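> Please read through the structure below; I'll follow up with questions.
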Amino acid sequence: MLEVSEQTCHRWRKKYGGMKADEAKRLEELEQENGRLKKLVADLSLDVQMLKEIRAGKLLSPSRKRAAVTHLEAEFEVSERYACEVVEQPRSTQRYEPHEADDEATGERMLELVRVHPRFGYRRIWALLRREGFVVNRKRVWRLWNKRD
């Protein structure tokens with residue numbers, strides 16, 4: 001009639017018993033929903049466990065968040081994407097490699113220029129530094145200018 005094997009029929013009776021087709025369908029949907037919910041709970045518990053691991057202080061600066069993400073990646077063997085999501089760190093910020101400004105050389109040259117041109121202000125000194133090839137922002141020159149006192 002339906003050309004279903006005896007084993008399949010037996011397995012179906014064992015699993016669904018005396019259920020009707022719509023009840024069996026509903027049971028299948030509930031099992032799928034249960035699986036999704038279990039996965040959700042597992043993910044949330046992992047998130048909580050990860051956050052407990054890095055709870056030492058607030059993670060305000062990108063560098064601290066960057067360190068926390070790399071720690072979570074190593075400790076829990078999760079992806080960068082998942083660790084960044086838990087720490088609320090943009091992945092572009094995570095991948096950014098900060099570079100140190102060469103304030104020492106810039107500051108020394110600035111002081112030499114100030115000795116030669118004592119009446120020049122920080123903006124004029126900034127322009128001279130730029131002409132000499134220093135890649136320096138005017139605000140950085142201002143900070144160095146104030147620090148020299």
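Just remember, in the structure tokens the first chain shown is A, the second B, etc., residues are 1-based per chain, and ligands are 1-based in the order shown.
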Name the residues of chain A that fall into helix (DSSP H, G or I) according to DSSP on the backbone, using the chain letters and numbers of this document, as number ranges by chain.

A: 6-16, 21-53, 62-76, 80-87, 91-95, 103-116, 122-131, 138-147

> Would you list the contacts of A:Met110 as a list in words, taking every protein, DNA or RNA residue within 10 Å and counting only C-alpha atoms, but skipping same-chain residues closer than 3 positions in sequence?

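The residues satisfying every condition are Glu104, Ala105, Thr106, Gly107, Leu113, Val114, Arg115, Val116, Tyr122, Ile125, Trp126, Leu128, Leu129, Val141, Leu144, Trp145 and Arg148 of chain A.
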
> Mind checking which residues fall within 9 Å of stretch 39-55 of chain A, counting only C-alpha atoms, ignoring those fewer than 6 positions away in the same chain, and posting them as a ChimeraX atom specification?

/A:68,71-72,75-76,83,86-87

> Tell me, in Å to one decimal, how far atom CA of A:Leu59 is from atom CA of A:Glu100.

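So the two atoms, atom CA of A:Leu59 and atom CA of A:Glu100, lie 21.4 Å apart.
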
> Name the closest residue to A:Leu60 among the candidates A:Ser79, A:Asn137, A:Gln89, A:Gln32; distances are taken between atoms, counting only C-alpha atoms.

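Closest residue, counting only C-alpha atoms: A:Gln89.
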